[in-house]
Structure formats: structure tokens, C-alpha cells
Amino acid sequence: MCETSLVVFWHMKTMAKACAVLLLVPLLVGLVLLPGCGEGQGRPEANRRSGKQAHPTTADLDGLKKVGQLRILIHGSEAGYLPREGSLPDRDRKLAADFAKAAGLKPVVVYVGEFDDLIPALLAGRGDVIAANLTVTKSRRKQIAFTVPLDHSREQIVSRATEKKVNKLSDLKGRTVVVQKGTSFWNTASDLLAHCPSLHVEALPGQLTSDEIFDKVAAGEIDLTIEDSNVIDVARQYRSDIRAVLDVTAERPLAWGVRPANPDLLNALNMFLREEGLTRKQDAIHKDDLPGIEKRQVLRLLTRNNSADYFLWKGRLMGFEYEFMRKFAETLGLRLEVIVPGEGEGLIPMLVAGRGDIAADFLTPTESRRAEGVEFSMPYHYAPDVVVARANDDKVKTPEDLKGRTVVVRRTSSYWGTLRQLIERGIGLRLEAAPQLMETEEIIGKVADGTYDLTVADGELLDIELAWRDDVKKAFALTEPQPQAWAVRRENRELLKAANAFIKKEYRGVFYNLTKRKYFKDRRTIRAYRQKHLGRDTTGHISPYDDLVRKYAKEYGFDWRLILAQMYQESRFNPRVKSSIGAEGLMQVMPRTAAELGFKDLANPAAGIHAGVKYLATLRGQFAPDLEASVRMRFSLASYNAGLGHVEDARRLARQIGRAPDRWFDHVEKAMLLLAKPQYAQKARYGYVRGREPVRYVRQIWDRYKAYARLLKE
């Protein structure tokens with residue numbers, strides 16, 4: 001039997017360095033609570049090091065509101081911090097700041113040097129919430145209260161990328177695992193000694209970040225370490241010098257921590273995190289070509305929210321680009337996910353960065369855009385660039401008439417380049433940039449009200465506007481009809497090939513012509529869409545029942561937009577609809593179920609909505625609260641459609657076939673599909689179920705809900 005070695009490891013080259021670091025540790029551990037001068041560039045205010053500390057407080061939410069601050073405990077230090085795409089510390093920091101602002105509090109970040117000091121700092125009243133990747137463990141539950149999970153993760157052994165000798169626990173014989181004390185990794189490493197007594201476990205300084213530990217592994221300064229799988233997944237997006245070689249725990253929840261004596265703060269955080277867990281934008285980076293997209297089964301479309309590309313109308317998702325791209329995704333057997341750029345973001349940079357797979361916004365192929373790293377499909381649409389003027393402006397009829405006039409367009413639009421060419425030809429127009437996120441229809445509106453002098457627009461986009469307004473007009477065509485195409489990353493040749501094949505087949509075919517007529521030619525339809533164009537409507541209404549839905553969603557702890565997405569799926573907002581099996585009302589509740597919940601007249605909108613929301617809440621209560629909010633919600637929706645028993649059968653079957661029973665997409669939903677087959681149904685407690693129905697039901701509601709959340713941000 002090998003001798004057990006449990007030692008404290010400090011990697012120092014000289015005793016002088018060790019002494020210097022030991023002197024520095026108390027400074028790193030100290031929590032100084034004086035706020036800095038401001039929040040800086042959109043980040044929560046961070047505390048600066050000072051000799052004076054604010055008086056600790058353990059107040060609950062009401063007390064915090066009197067003080068006006070939420071102190072957010074973060075592991076690490078502000079110095080040297082570089083946010084990465086998908087970085088978990090950055091996510092936690094921003095999410096906690098968003099909660100603070102939603103609660104009317106000023107977010108103040110308190111940096112804690114040692115991970116082991118986070119919980120003591122919270123209990124001592126030096127902060128109000130630990131916003132960190134905390135694994136929920138029994139020992140920690142005895143000290144603090146945890147929020148609902150933000151994520152789930154397995155702990156994994158991490159090695160250099162070239163490591164080939166560790167594939168199972170017995171391979172750890174004689175190896176050294178180096179982790180920080182006070183972390184769940186330290187407990188896991190200690191537990192590993194029972195399986196491999198010859199394993200050496202050593203301790204690292206607690207102030208090191210995950211990346212700094214990975215650096216030491218990659219450089220060979222330490223042998224192996226342990227880290228959460230979700231942290232490793234993010235790190236692998238930008239580094240290839242490490243890899244996870246072995247799972248050493250099952251999947252466990254990760255959450256934030258608050259003091260047990262602060263139940264109001266905990267409840268408020270849980271309400272916020274449940275909604276954020278459902279709607280939080282997943283900024284996964286993928287640059288793979290069509291085979292990788294097919295493996296993910298999702299085609300990510302980057303487009304804009306306007307009356308031609310993508311918008312919301314009476315609960316339906318619409319738009320020429322959306323419908324045409326959805327048809328393309330269907331031909332590939334893929335689910336379409338729509339991503340609309342946020343503030344300061346452009347379609348092409350997001351595409352190149354891997355935040356989407358294909359961009360569609362009636363894009364004119366230009367060399368400047370190709371230079372950014374994209375290639376264009378064959379054209380699927382042609383339209384001239386036209387100068388837009390106020391209806392009573394008769395002075396602009398030719399390019400020469402632009403002399404002395406001011407034309408406003410987005411700098412990233414193809415119109416900008418066209419106008420620059422006119423200036424180079426000697427036409428003395430003034431060219432001004434519109435805000436990056438301002439849609440062409442908004443710019444046209446500002447021409448109409450006199451805010452802007454002139455603009456340039458796609459001729460058919462202008463036709464959409466002219467179908468419902470008469471205060472602007474087409475002054476003249478600035479160009480011949482221009483080709484418009486989809487954009488993909490230059491290296492994604494297979495996706496480009498598939499896009500070209502689809503466009504070649506569909507261009508000017510029946511589907512294409514009908515879709516184009518609906519959005520560009522039928523003035524009556526265009527007027528109806530434009531008047532109810534909710535993607536640009538500041539009132540934020542989706543249905544006639546929004547107020548009722550808000551009321552009952554709040555009462556039972558749901559996001560009102562999710563309930564509306566489900567209601568649209570169930571009844572298309574028709575309270576009188578009755579299904580073939582007898583379900584009634586806006587939420588299509590069975591009368592027997594409604595009676596058990598205390599409701600009778602389901603055709604009454606208030607009763608129908610209340611019954612459906614209460615039933616959904618009852619189903620949600622059947623699933624463990626430590627499931628991720630999004631997973632728990634998907635299980636609840638599937639149960640609403642197919643029955644709780646069939647969902648539990650699918651979870652059991654998922655475990656048997658090697659899928660995760662606590663994941664819906666691509667896991668439990670796969671098992672649900674199998675329950676339609678006799679060999680699986682006869683072994684299930686609740687027997688056969690038409691699995692395609694709940695699978696489609698959950699996916700369609702989820703996609704619609706995410707679209708509602710994006711288009712109608714509160």
C-alpha cells in the first residue's frame with residue numbers, strides 16, 4: 001500500500017517570495033467596504049482598498065432598501081480581470097447587479113481574495129449575497145441559505161492537453177491533485193484518497209483564479225487539478241492547453257448564498273433567478289460548419305427586429321426573413337433559433353465571433369463586409385436603394401439635388417458606402433450616422449417628423465412603410481436593383497452550399513412568392529401587421545388578456561410571457577375553443593381538473609387563465625426545487641401536455657439509456673419519443689404515449705417564449 005500524502009503546497013521559487021506572499025495574504029483577505037467613485041463602464045461599483053471599513057450589517061431586504069445598496073461578494077480581485085465570452089464570474093457579477101437594480105438598490109461589489117473567506121464574510125455582515133459558482137453541499141447548507149440553482153456541474157480532473165494516462169480512478173495512483181482549500185474540490189480530492197491511497201493531495205493559495213490554476217497545469221508546474229465542468233467548458237472556448245480527463249462527482253447544483261436570517265432577500269433573489277434562468281441569453285460560441293450545426297440540431301439566425309425581417313403580431317412570430325429561414329431550417333431537419341443584436345452589436349461581427357450561424361437582413365454583398373470574414377449566398381431578393389424624403393419635399397429628384405442636404409443612415413448599412421461614393425464624385429451632401437440599433441423604419445419616421453432631413457432605404461422596405469403612412473415618399477432611385485443575400489462565415493462552406501441549394505430551389509417558387517406577397521405586396525395585410533407590430537410597440541401587449549396573465553403569473557411565480565406563449569399554443573387566445581377530448585378555455589384545462597382546482601366556467605377568461613396557471617404550478621411542485629429553473633419548467637410543460645406519469649417514465653428511461661434524467665432537450669425528450677415504441681411502452685409504468693406531441697409542445701412554447709422575452713423586454 002502506498003503511503004498517503006496530504007501536504008500544503010505553495011509554489012515559490014525563493015523564501016523571499018514566500019514571505020512576500022504571506023505578508024500580502026491578509027491584505028487580500030481584508031474586505032474594505034468604502035465604495036469607489038462610480039460604477040465605471042457599466043459595471044457594478046467596486047470597493048477600493050482602504051484603511052477604514054464600513055460597519056457590517058446583516059439586514060434583510062427592507063433594511064437593505066433603507067441603506068440603498070446590495071453588497072455583492074465576489075471571489076478574486078478587480079485588478080487584472082479580463083471578462084471572457086461566457087465567463088461565469090462575469091455572468092454572476094452582471095446578474096447580481098441586474099437584480100440589485102431591479103430591486104431599486106445600488107450594486108456594490110466586495111472582492112474577497114480567498115475563496116474560503118466568502119462564507120465567513122457573508123455571515124459577518126460584510127456582504128449581502130455571495131454571487132459565485134458555489135456547489136450546494138450539506139456542510140454549506142448548515143451555514144448559509146442557497147438560492148435556486150443557476151447551473152449544474154460535475155467536478156472533473158483537469159490535466160495538460162497532452163495527458164493520456166488518466167482514464168479511470170485507478171490511474172490516479174502516484175499522481176498529485178492540487179486544489180484550493182475551502183472549496184468543494186478540496187473535499188472531493190480528500191474523498192479520492194479512499195479509492196487511491198497513493199494519491200497526493202496538495203493545496204494552492206486561495207486567491208488564484210481558475211485561469212491561473214489552468215496556467216500552472218498547462219505549464220507543468222502542477223500535475224492535476226479539479227474544476228467544475230461548466231467552468232472548463234467556458235475555458236475551452238479560448239484555450240487548448242488543458243482538458244478534462246475524468247469525472248469525479250455526479251452532477252450537482254450550483255447556486256448563490258445568502259444568510260439564513262434573510263428570507264425576504266432569498267425569496268426576491270429566487271423570483272429573479274427563476275425568470276433569468278428561463279430567459280437568460282445563452283451566448284455560446286460555435287463556429288462549426290453544417291455537420292456541427294446538425295449535431296446541435298439548432299440553426300442560429302442573426303437578424304433584426306423590424307417589419308420585414310422578424311416581428312411579433314398577435315402572439316405569432318412573423319417576418320419575411322424569419323419565415324424563409326425557418327423553411328430552410330426545416331429542410332435541414334433543424335430547429336430555428338433567432339438572435340437579435342443587442343445595444344452596440346452588429347450582425348456581421350456577431351456572426352464572425354460565432355454567436356450565430358447565419359445572418360439575414362436583406363444584406364447587400366459588399367467587399368467591405370467580405371473583408372470582415374463572411375461570404376454571401378446567391379441572391380434571393382433584389383431591390384433598389386431609394387432616397388426617402390418628406391411627402392411635401394419636391395426639391396429632391398436627382399443625385400445632384402442632394403447637394404447641401406443631410407442624409408442619415410446607419411454606418412454599417414450598404415447605403416453608407418453608396419453615399420460615400422456620391423461624395424467622392426463631388427456631390428456635396430452631408431452624411432450623418434444614425435444610431436446602430438435604429439431600424440430603417442424608425443429612421444424613416446424621423447424623416448417624416450422632421451428630425452432628419454433625408455435617408456436611404458431598400459425600395460421594398462419603403463413600400464411596407466408607404467402601405468400605412470403618407471407623410472414620406474420615394475424621391476428617386478439611387479441605384480439599380482441590388483442583390484440581397486444571406487451571410488455565413490467564410491470557412492463554413494457546407495452551410496453556404498446548403499443555403500445556395502435551398503435558394504436555388506425556392507426562389508420565385510410558390511412558397512417564396514406567397515411569402516413575398518404577404519410582406520411586400522399586399523397593402524391591406526401590411527397595414528394590419530404594421531398597426532399591431534408589437535416588436536416596436538412600447539405598450540408591450542401580446543394578447544387581450546395580458547393584464548390577467550400578469551396577475552396570475554405573479555401570484556404563482558411564473559414569467560407572464562411564458563404563460564402567454566403556452567396560451568397561444570393551447571388556444572390561439574380564443575377563450576371559446578374546445579378540444580376533441582373536452583379541454584376548454586384559453587389554457588385548455590379539462591373540466592374535471594378545473595373542478596378539482598375550484599373552477600367551473602372555463603370559457604370565462606379569468607377563470608380559464610387562473611385554472612391553467614394554478615394547474616401548471618401544481619405540476620411544477622412535483623419536481624425537485626434544486627433542478628435548474630428552465631429544466632423544471634420544461635418538465636412542467638411536458639406534464640401539462642402529456643401527464644406527469646409519462647414524464648416520470650421518460651426520466652427513468654433516460655437514465656437507463658445513458659441520458660441525463662435532469663435535462664429535457666436531447667435527453668428526457670429523446671426518451672419520451674421512445675415511449676411511443678412497444679418495446680419501451682410495455683415496460684413503462686404509465687405505458688404508451690405519443691411522444692412527439694409533448695416534445696413538439698415544449699419546443700414550440702419555449703421558442704415562442706424566448707422570442708417574446710427578447711422582443712418585449714421589460
# chains A, B, ... in the order shown; residues from 1 in each chain; ligands from 1

$ select_by_dssp --residues "stretch 442-600 of chain A" --states "alpha helix (DSSP H)" --output "ChimeraX atom specification"
/A:442-448,459-466,493-506,510-516,523-531,546-556,560-571,591-597

$ residues_around --residues "A:Val386" --least-positions-apart "4" --cutoff "9 Å" --atoms "only C-alpha atoms" --output "ChimeraX atom specification"
/A:455-459,462,474-479

$ closest_residue --among "A:Met378, A:Leu422, A:Leu514, A:Leu586" --to "A:Pro605" --atoms "only C-alpha atoms"
A:Leu586

$ residues_around --residues "stretch 670-681 of chain A" --least-positions-apart "5" --cutoff "6 Å" --atoms "only C-alpha atoms" --output "list in words"
Ala650, Leu653, Ala654, Gly687, Tyr688, Val689, Arg690, Gly691 and Arg692 of chain A

$ atom_distance --atom1 "atom CA of A:Arg655" --atom2 "atom CA of A:Gly333"
26.0 Å

$ closest_residue --among "A:Ser139, A:Ser170, A:Thr209, A:Asp649" --to "A:Gly76" --atoms "only C-alpha atoms"
A:Thr209

$ atom_distance --atom1 "atom CA of A:Glu323" --atom2 "atom CA of A:Ala487"
16.6 Å

$ closest_atom_pairs --of "stretch 391-452 of chain A" --to "stretch 344-349 of chain A" --cutoff "9 Å" --atoms "only C-alpha atoms" --output "CSV"
residue,atom,partner,partner_atom,distance
A:Thr412,CA,A:Gly346,CA,7.9
A:Pro435,CA,A:Gly344,CA,8.7
A:Gln436,CA,A:Gly344,CA,6.3
A:Leu437,CA,A:Gly344,CA,6.9

$ closest_residue --among "A:Arg93, A:His381, A:His152, A:Arg335" --to "A:Asp662" --atoms "only C-alpha atoms"
A:His152

$ select_by_dssp --residues "stretch 347-426 of chain A" --states "strand (DSSP E or B)" --output "list in words"
Ile358, Ala359, Ala360, Asp361, Phe362, Leu363, Val374, Glu375, Phe376, His381, Tyr382, Ala383, Asp385, Val386, Val387, Val388, Ala389, Arg390, Thr406, Val407, Val408, Val409 and Arg410 of chain A

$ closest_residue --among "A:Leu299, A:Val374, A:Val179, A:Leu273" --to "A:Asp98" --atoms "only C-alpha atoms"
A:Leu273

$ residues_around --residues "stretch 544-560 of chain A" --least-positions-apart "2" --cutoff "7 Å" --atoms "only C-alpha atoms" --output "tab-separated table (two decimals) with N, CA and C atoms, in the first residue's frame"
chain	number	residue	atom	x	y	z
A	271	MET	N	-37.11	34.62	-7.06
A	271	MET	CA	-38.05	35.07	-8.09
A	271	MET	C	-37.29	35.60	-9.30
A	275	GLU	N	-36.81	33.62	-13.29
A	275	GLU	CA	-37.10	34.24	-14.57
A	275	GLU	C	-35.84	34.36	-15.41
A	541	HIS	N	-47.99	44.86	-25.37
A	541	HIS	CA	-49.12	43.94	-25.32
A	541	HIS	C	-48.95	42.82	-26.34
A	542	ILE	N	-49.32	41.61	-25.93
A	542	ILE	CA	-49.28	40.46	-26.82
A	542	ILE	C	-50.69	39.99	-27.13
A	562	LEU	N	-44.09	33.57	-20.48
A	562	LEU	CA	-44.14	32.12	-20.65
A	562	LEU	C	-45.58	31.63	-20.68
A	563	ILE	N	-46.41	32.14	-19.78
A	563	ILE	CA	-47.81	31.74	-19.76
A	563	ILE	C	-48.49	32.13	-21.06
A	564	LEU	N	-48.18	33.31	-21.58
A	564	LEU	CA	-48.77	33.72	-22.85
A	564	LEU	C	-48.31	32.83	-24.00
A	606	ALA	N	-60.90	34.97	-17.09
A	606	ALA	CA	-60.24	34.99	-15.79
A	606	ALA	C	-60.17	33.60	-15.19
A	609	ILE	N	-57.78	31.24	-17.34
A	609	ILE	CA	-56.35	31.53	-17.13
A	609	ILE	C	-55.92	31.09	-15.74
A	610	HIS	N	-56.72	31.45	-14.73
A	610	HIS	CA	-56.37	31.11	-13.35
A	610	HIS	C	-56.26	29.59	-13.19
A	613	VAL	N	-52.96	28.34	-14.93
A	613	VAL	CA	-51.73	28.73	-14.21
A	613	VAL	C	-51.61	27.95	-12.90
A	617	ALA	N	-48.67	25.34	-11.88
A	617	ALA	CA	-47.92	25.48	-10.62
A	617	ALA	C	-47.95	24.18	-9.83

$ residues_around --residues "A:Met325" --least-positions-apart "6" --cutoff "12 Å" --atoms "only C-alpha atoms" --output "compact mmCIF listing (two decimals) with N, CA and C atoms, in the first residue's frame"
# COMPACT_ATOMS: atom_id res chain seq x y z
N LEU A 299 -30.23 25.78 -35.80
CA LEU A 299 -29.65 26.77 -36.69
C LEU A 299 -29.91 28.14 -36.07
N ARG A 300 -28.85 28.88 -35.75
CA ARG A 300 -28.99 30.17 -35.08
C ARG A 300 -28.99 31.30 -36.11
N LEU A 301 -30.14 31.95 -36.23
CA LEU A 301 -30.31 33.05 -37.19
C LEU A 301 -30.06 34.38 -36.51
N LEU A 302 -29.18 35.18 -37.08
CA LEU A 302 -28.96 36.56 -36.65
C LEU A 302 -29.75 37.47 -37.58
N THR A 303 -30.69 38.22 -37.01
CA THR A 303 -31.49 39.13 -37.83
C THR A 303 -31.94 40.30 -36.98
N ASP A 309 -38.05 41.76 -41.40
CA ASP A 309 -37.23 40.61 -41.00
C ASP A 309 -37.93 39.69 -40.01
N TYR A 310 -38.36 40.28 -38.88
CA TYR A 310 -38.78 39.45 -37.74
C TYR A 310 -39.55 40.31 -36.76
N MET A 318 -43.34 36.46 -36.92
CA MET A 318 -43.51 36.68 -38.34
C MET A 318 -42.32 37.43 -38.92
N GLY A 319 -42.36 37.65 -40.22
CA GLY A 319 -41.32 38.37 -40.94
C GLY A 319 -40.85 37.56 -42.14
N THR A 331 -35.95 22.18 -43.91
CA THR A 331 -35.42 21.27 -44.94
C THR A 331 -34.17 20.54 -44.45
N LEU A 332 -33.47 21.14 -43.48
CA LEU A 332 -32.27 20.51 -42.92
C LEU A 332 -32.60 19.69 -41.67
N LEU A 334 -33.66 20.99 -38.83
CA LEU A 334 -33.13 21.74 -37.70
C LEU A 334 -34.18 22.64 -37.08
N ARG A 335 -33.99 22.97 -35.81
CA ARG A 335 -34.84 23.94 -35.13
C ARG A 335 -34.21 25.31 -35.29
N LEU A 336 -35.03 26.32 -35.59
CA LEU A 336 -34.52 27.67 -35.81
C LEU A 336 -34.53 28.45 -34.50
N GLU A 337 -33.41 29.05 -34.17
CA GLU A 337 -33.31 29.94 -33.02
C GLU A 337 -32.93 31.32 -33.52
N VAL A 338 -33.70 32.33 -33.14
CA VAL A 338 -33.48 33.69 -33.63
C VAL A 338 -32.74 34.51 -32.59
N ASP A 357 -25.11 31.40 -36.64
CA ASP A 357 -24.62 30.58 -37.75
C ASP A 357 -24.83 31.23 -39.11
N ILE A 358 -25.87 32.06 -39.21
CA ILE A 358 -26.20 32.67 -40.49
C ILE A 358 -26.89 34.00 -40.22
N ALA A 359 -26.62 35.00 -41.04
CA ALA A 359 -27.20 36.33 -40.87
C ALA A 359 -28.11 36.64 -42.05
N ALA A 360 -29.29 37.21 -41.75
CA ALA A 360 -30.24 37.56 -42.79
C ALA A 360 -30.90 38.88 -42.44
N ASP A 361 -30.69 39.88 -43.27
CA ASP A 361 -31.28 41.21 -43.05
C ASP A 361 -31.31 41.95 -44.38
N TYR A 380 -31.40 36.18 -53.15
CA TYR A 380 -32.78 35.69 -53.07
C TYR A 380 -33.77 36.86 -53.18
N ALA A 485 -28.61 38.98 -50.00
CA ALA A 485 -28.26 37.58 -49.76
C ALA A 485 -28.08 37.32 -48.27
N TRP A 486 -27.96 36.03 -47.92
CA TRP A 486 -27.62 35.64 -46.56
C TRP A 486 -26.10 35.65 -46.40
N ALA A 499 -27.30 26.48 -48.24
CA ALA A 499 -28.11 27.70 -48.41
C ALA A 499 -28.34 27.99 -49.89
N PHE A 502 -30.88 25.58 -51.36
CA PHE A 502 -32.24 25.92 -50.93
C PHE A 502 -32.77 27.12 -51.70
N ILE A 503 -31.97 28.17 -51.81
CA ILE A 503 -32.41 29.39 -52.51
C ILE A 503 -32.67 29.09 -53.98
N GLU A 506 -36.06 27.34 -54.12
CA GLU A 506 -37.25 28.05 -53.66
C GLU A 506 -37.46 29.42 -54.32
N PHE A 511 -43.87 28.94 -52.50
CA PHE A 511 -43.70 29.41 -51.12
C PHE A 511 -43.07 30.80 -51.10
N TYR A 512 -42.05 30.99 -51.90
CA TYR A 512 -41.35 32.28 -51.94
C TYR A 512 -42.31 33.39 -52.38
N THR A 515 -45.00 34.21 -49.74
CA THR A 515 -44.41 34.89 -48.59
C THR A 515 -44.04 36.32 -48.94

$ residues_around --residues "stretch 285-288 of chain A" --least-positions-apart "2" --cutoff "7 Å" --atoms "only C-alpha atoms" --output "ChimeraX atom specification"
/A:283,290,292-293,354-355

$ write_last_selection --atoms "C-alpha atoms" --output "PDB file, in the first residue's frame"
ATOM      1  CA  ASP A 283     -24.018  33.359 -25.619  1.00  0.00           C
ATOM      2  CA  LEU A 290     -23.083  22.294 -41.158  1.00  0.00           C
ATOM      3  CA  GLY A 292     -21.609  20.595 -36.216  1.00  0.00           C
ATOM      4  CA  ILE A 293     -24.860  22.530 -36.591  1.00  0.00           C
ATOM      5  CA  GLY A 354     -19.548  32.594 -33.596  1.00  0.00           C
ATOM      6  CA  ARG A 355     -22.641  33.913 -31.824  1.00  0.00           C
TER       7      ARG A 355
END

$ residues_around --residues "stretch 694-707 of chain A" --least-positions-apart "3" --cutoff "6 Å" --atoms "only C-alpha atoms" --output "list in words"
Leu562, Ala565, Gln566, Ala638, Asn641, Ala642, Glu669, Gly691, Arg710 and Leu711 of chain A

$ closest_residue --among "A:Ala684, A:Leu619, A:Thr183, A:Ala353" --to "A:His646" --atoms "only C-alpha atoms"
A:Ala684

$ closest_residue --among "A:Gly356, A:Gly585, A:Gly612, A:Pro56" --to "A:Leu597" --atoms "only C-alpha atoms"
A:Gly612
